Amino acid sequence: MAENRSSPQSSISLLIGITAFFGLILVMIGAMVLTHAAYMAWQLYTDPDAITGFAHSLKLATSSKVEIDLNGLDPLRLIAWPLIVLALLLQGKIGIWSVEAGARLLGTVRNQ
């Protein structure tokens, strides 16, 4: 009879433990994503020519018939910069969402 009373309590404590673990995982993943976004932004700041690989993967303006005088600037690089900035902003937002969700889960567990 005593086992029936402790069974709901043990399942609740197991659920709380799983929730806390999942919250910690979300916070760690979010922190790693934010760190990676900051590292990539710093890498592009120190070496702006690193965007060339991404720019050539776009292959948007490969036509040799188009002659645009941009004072020696590559049109692919000009197109790639806003896309990279938007991708880094999206990566940062996803990281923040992950940290916030994990913090909410941990706060819920802490209040129990």
# chains A, B, ... in the order shown; residues from 1 in each chain; ligands from 1

$ select_by_dssp --residues "stretch 20-86 of chain A" --states "alpha helix (DSSP H)" --output "PDB file with N, CA and C atoms, in the first residue's frame"
ATOM      1  N   ALA A  20      14.349  19.467 -16.008  1.00  0.00           N
ATOM      2  CA  ALA A  20      15.550  20.228 -15.662  1.00  0.00           C
ATOM      3  C   ALA A  20      16.702  19.879 -16.600  1.00  0.00           C
ATOM      4  N   PHE A  21      16.856  18.613 -16.913  1.00  0.00           N
ATOM      5  CA  PHE A  21      17.916  18.187 -17.829  1.00  0.00           C
ATOM      6  C   PHE A  21      17.696  18.787 -19.210  1.00  0.00           C
ATOM      7  N   PHE A  22      16.465  18.754 -19.705  1.00  0.00           N
ATOM      8  CA  PHE A  22      16.150  19.318 -21.010  1.00  0.00           C
ATOM      9  C   PHE A  22      16.379  20.831 -21.014  1.00  0.00           C
ATOM     10  N   GLY A  23      16.048  21.503 -19.912  1.00  0.00           N
ATOM     11  CA  GLY A  23      16.297  22.935 -19.792  1.00  0.00           C
ATOM     12  C   GLY A  23      17.784  23.255 -19.845  1.00  0.00           C
ATOM     13  N   LEU A  24      18.600  22.469 -19.142  1.00  0.00           N
ATOM     14  CA  LEU A  24      20.048  22.662 -19.184  1.00  0.00           C
ATOM     15  C   LEU A  24      20.610  22.434 -20.585  1.00  0.00           C
ATOM     16  N   ILE A  25      20.099  21.420 -21.269  1.00  0.00           N
ATOM     17  CA  ILE A  25      20.548  21.140 -22.638  1.00  0.00           C
ATOM     18  C   ILE A  25      20.204  22.309 -23.548  1.00  0.00           C
ATOM     19  N   LEU A  26      18.998  22.849 -23.429  1.00  0.00           N
ATOM     20  CA  LEU A  26      18.602  23.998 -24.253  1.00  0.00           C
ATOM     21  C   LEU A  26      19.478  25.216 -23.984  1.00  0.00           C
ATOM     22  N   VAL A  27      19.785  25.471 -22.726  1.00  0.00           N
ATOM     23  CA  VAL A  27      20.638  26.608 -22.391  1.00  0.00           C
ATOM     24  C   VAL A  27      22.040  26.411 -22.964  1.00  0.00           C
ATOM     25  N   MET A  28      22.582  25.216 -22.855  1.00  0.00           N
ATOM     26  CA  MET A  28      23.925  24.966 -23.380  1.00  0.00           C
ATOM     27  C   MET A  28      23.965  25.064 -24.901  1.00  0.00           C
ATOM     28  N   ILE A  29      22.968  24.521 -25.569  1.00  0.00           N
ATOM     29  CA  ILE A  29      22.916  24.613 -27.032  1.00  0.00           C
ATOM     30  C   ILE A  29      22.776  26.076 -27.461  1.00  0.00           C
ATOM     31  N   GLY A  30      21.928  26.824 -26.800  1.00  0.00           N
ATOM     32  CA  GLY A  30      21.771  28.240 -27.120  1.00  0.00           C
ATOM     33  C   GLY A  30      23.055  29.019 -26.900  1.00  0.00           C
ATOM     34  N   ALA A  31      23.768  28.713 -25.815  1.00  0.00           N
ATOM     35  CA  ALA A  31      25.034  29.395 -25.559  1.00  0.00           C
ATOM     36  C   ALA A  31      26.068  29.053 -26.631  1.00  0.00           C
ATOM     37  N   MET A  32      26.088  27.804 -27.080  1.00  0.00           N
ATOM     38  CA  MET A  32      27.023  27.422 -28.136  1.00  0.00           C
ATOM     39  C   MET A  32      26.675  28.106 -29.454  1.00  0.00           C
ATOM     40  N   VAL A  33      25.391  28.205 -29.774  1.00  0.00           N
ATOM     41  CA  VAL A  33      24.972  28.859 -31.010  1.00  0.00           C
ATOM     42  C   VAL A  33      25.335  30.346 -30.968  1.00  0.00           C
ATOM     43  N   LEU A  34      25.105  30.997 -29.828  1.00  0.00           N
ATOM     44  CA  LEU A  34      25.466  32.410 -29.702  1.00  0.00           C
ATOM     45  C   LEU A  34      26.973  32.617 -29.779  1.00  0.00           C
ATOM     46  N   THR A  35      27.734  31.724 -29.180  1.00  0.00           N
ATOM     47  CA  THR A  35      29.190  31.806 -29.258  1.00  0.00           C
ATOM     48  C   THR A  35      29.664  31.641 -30.685  1.00  0.00           C
ATOM     49  N   HIS A  36      29.066  30.706 -31.410  1.00  0.00           N
ATOM     50  CA  HIS A  36      29.448  30.489 -32.796  1.00  0.00           C
ATOM     51  C   HIS A  36      29.113  31.706 -33.652  1.00  0.00           C
ATOM     52  N   ALA A  37      27.955  32.320 -33.434  1.00  0.00           N
ATOM     53  CA  ALA A  37      27.589  33.508 -34.208  1.00  0.00           C
ATOM     54  C   ALA A  37      28.557  34.652 -33.927  1.00  0.00           C
ATOM     55  N   ALA A  38      28.923  34.836 -32.662  1.00  0.00           N
ATOM     56  CA  ALA A  38      29.879  35.895 -32.324  1.00  0.00           C
ATOM     57  C   ALA A  38      31.253  35.608 -32.921  1.00  0.00           C
ATOM     58  N   TYR A  39      31.667  34.345 -32.903  1.00  0.00           N
ATOM     59  CA  TYR A  39      32.959  33.963 -33.474  1.00  0.00           C
ATOM     60  C   TYR A  39      32.976  34.204 -34.982  1.00  0.00           C
ATOM     61  N   MET A  40      31.900  33.833 -35.673  1.00  0.00           N
ATOM     62  CA  MET A  40      31.846  34.049 -37.119  1.00  0.00           C
ATOM     63  C   MET A  40      31.828  35.544 -37.458  1.00  0.00           C
ATOM     64  N   ALA A  41      31.111  36.341 -36.672  1.00  0.00           N
ATOM     65  CA  ALA A  41      31.096  37.783 -36.912  1.00  0.00           C
ATOM     66  C   ALA A  41      32.487  38.377 -36.695  1.00  0.00           C
ATOM     67  N   TRP A  42      33.182  37.921 -35.654  1.00  0.00           N
ATOM     68  CA  TRP A  42      34.533  38.414 -35.401  1.00  0.00           C
ATOM     69  C   TRP A  42      35.486  37.974 -36.507  1.00  0.00           C
ATOM     70  N   GLN A  43      35.319  36.767 -36.981  1.00  0.00           N
ATOM     71  CA  GLN A  43      36.164  36.262 -38.056  1.00  0.00           C
ATOM     72  C   GLN A  43      35.960  37.080 -39.332  1.00  0.00           C
ATOM     73  N   LEU A  44      34.730  37.449 -39.639  1.00  0.00           N
ATOM     74  CA  LEU A  44      34.471  38.286 -40.806  1.00  0.00           C
ATOM     75  C   LEU A  44      34.980  39.707 -40.596  1.00  0.00           C
ATOM     76  N   TYR A  45      35.018  40.167 -39.349  1.00  0.00           N
ATOM     77  CA  TYR A  45      35.561  41.494 -39.072  1.00  0.00           C
ATOM     78  C   TYR A  45      37.071  41.521 -39.294  1.00  0.00           C
ATOM     79  N   THR A  46      37.753  40.483 -38.825  1.00  0.00           N
ATOM     80  CA  THR A  46      39.211  40.457 -38.961  1.00  0.00           C
ATOM     81  C   THR A  46      39.661  40.094 -40.369  1.00  0.00           C
ATOM     82  N   THR A  52      34.426  35.632 -49.593  1.00  0.00           N
ATOM     83  CA  THR A  52      34.544  35.318 -51.013  1.00  0.00           C
ATOM     84  C   THR A  52      34.036  33.908 -51.321  1.00  0.00           C
ATOM     85  N   GLY A  53      34.322  32.960 -50.454  1.00  0.00           N
ATOM     86  CA  GLY A  53      33.835  31.592 -50.676  1.00  0.00           C
ATOM     87  C   GLY A  53      32.327  31.516 -50.718  1.00  0.00           C
ATOM     88  N   PHE A  54      31.687  32.215 -49.807  1.00  0.00           N
ATOM     89  CA  PHE A  54      30.226  32.249 -49.819  1.00  0.00           C
ATOM     90  C   PHE A  54      29.710  33.002 -51.042  1.00  0.00           C
ATOM     91  N   ALA A  55      30.393  34.067 -51.410  1.00  0.00           N
ATOM     92  CA  ALA A  55      29.960  34.866 -52.551  1.00  0.00           C
ATOM     93  C   ALA A  55      30.032  34.059 -53.842  1.00  0.00           C
ATOM     94  N   HIS A  56      31.074  33.274 -53.998  1.00  0.00           N
ATOM     95  CA  HIS A  56      31.182  32.476 -55.219  1.00  0.00           C
ATOM     96  C   HIS A  56      30.209  31.298 -55.226  1.00  0.00           C
ATOM     97  N   SER A  57      29.752  30.892 -54.066  1.00  0.00           N
ATOM     98  CA  SER A  57      28.755  29.821 -54.035  1.00  0.00           C
ATOM     99  C   SER A  57      27.381  30.317 -54.479  1.00  0.00           C
ATOM    100  N   LEU A  58      27.166  31.612 -54.430  1.00  0.00           N
ATOM    101  CA  LEU A  58      25.883  32.162 -54.874  1.00  0.00           C
ATOM    102  C   LEU A  58      25.719  32.056 -56.386  1.00  0.00           C
ATOM    103  N   PRO A  75      30.615  42.155 -57.583  1.00  0.00           N
ATOM    104  CA  PRO A  75      29.172  42.212 -57.299  1.00  0.00           C
ATOM    105  C   PRO A  75      28.697  41.051 -56.427  1.00  0.00           C
ATOM    106  N   LEU A  76      29.342  39.894 -56.543  1.00  0.00           N
ATOM    107  CA  LEU A  76      28.943  38.763 -55.697  1.00  0.00           C
ATOM    108  C   LEU A  76      29.195  39.056 -54.223  1.00  0.00           C
ATOM    109  N   ARG A  77      30.300  39.714 -53.947  1.00  0.00           N
ATOM    110  CA  ARG A  77      30.598  40.060 -52.554  1.00  0.00           C
ATOM    111  C   ARG A  77      29.608  41.089 -52.026  1.00  0.00           C
ATOM    112  N   LEU A  78      29.183  42.010 -52.874  1.00  0.00           N
ATOM    113  CA  LEU A  78      28.207  43.002 -52.445  1.00  0.00           C
ATOM    114  C   LEU A  78      26.855  42.377 -52.135  1.00  0.00           C
ATOM    115  N   ILE A  79      26.521  41.324 -52.855  1.00  0.00           N
ATOM    116  CA  ILE A  79      25.267  40.618 -52.597  1.00  0.00           C
ATOM    117  C   ILE A  79      25.399  39.717 -51.374  1.00  0.00           C
ATOM    118  N   ALA A  80      26.579  39.167 -51.154  1.00  0.00           N
ATOM    119  CA  ALA A  80      26.779  38.199 -50.072  1.00  0.00           C
ATOM    120  C   ALA A  80      26.777  38.849 -48.693  1.00  0.00           C
ATOM    121  N   TRP A  81      27.271  40.080 -48.569  1.00  0.00           N
ATOM    122  CA  TRP A  81      27.358  40.699 -47.251  1.00  0.00           C
ATOM    123  C   TRP A  81      26.010  40.824 -46.539  1.00  0.00           C
ATOM    124  N   PRO A  82      24.974  41.355 -47.181  1.00  0.00           N
ATOM    125  CA  PRO A  82      23.686  41.418 -46.456  1.00  0.00           C
ATOM    126  C   PRO A  82      23.126  40.037 -46.110  1.00  0.00           C
ATOM    127  N   LEU A  83      23.358  39.068 -46.996  1.00  0.00           N
ATOM    128  CA  LEU A  83      22.867  37.716 -46.698  1.00  0.00           C
ATOM    129  C   LEU A  83      23.582  37.109 -45.495  1.00  0.00           C
ATOM    130  N   ILE A  84      24.886  37.324 -45.403  1.00  0.00           N
ATOM    131  CA  ILE A  84      25.640  36.811 -44.253  1.00  0.00           C
ATOM    132  C   ILE A  84      25.204  37.502 -42.967  1.00  0.00           C
ATOM    133  N   VAL A  85      24.999  38.802 -43.033  1.00  0.00           N
ATOM    134  CA  VAL A  85      24.557  39.532 -41.842  1.00  0.00           C
ATOM    135  C   VAL A  85      23.189  39.029 -41.387  1.00  0.00           C
ATOM    136  N   LEU A  86      22.278  38.817 -42.327  1.00  0.00           N
ATOM    137  CA  LEU A  86      20.956  38.282 -41.970  1.00  0.00           C
ATOM    138  C   LEU A  86      21.055  36.868 -41.402  1.00  0.00           C
TER     139      LEU A  86
END

$ atom_distance --atom1 "atom CA of A:Thr19" --atom2 "atom CA of A:Ser98"
14.3 Å

$ closest_residue --among "A:Pro8, A:Ala87, A:Asp47, A:Gly17" --to "A:Leu105" --atoms "only C-alpha atoms"
A:Gly17

$ atom_distance --atom1 "atom CA of A:Val109" --atom2 "atom CA of A:Leu15"
9.7 Å

$ atom_distance --atom1 "atom CA of A:Gln91" --atom2 "atom CA of A:Pro48"
19.3 Å
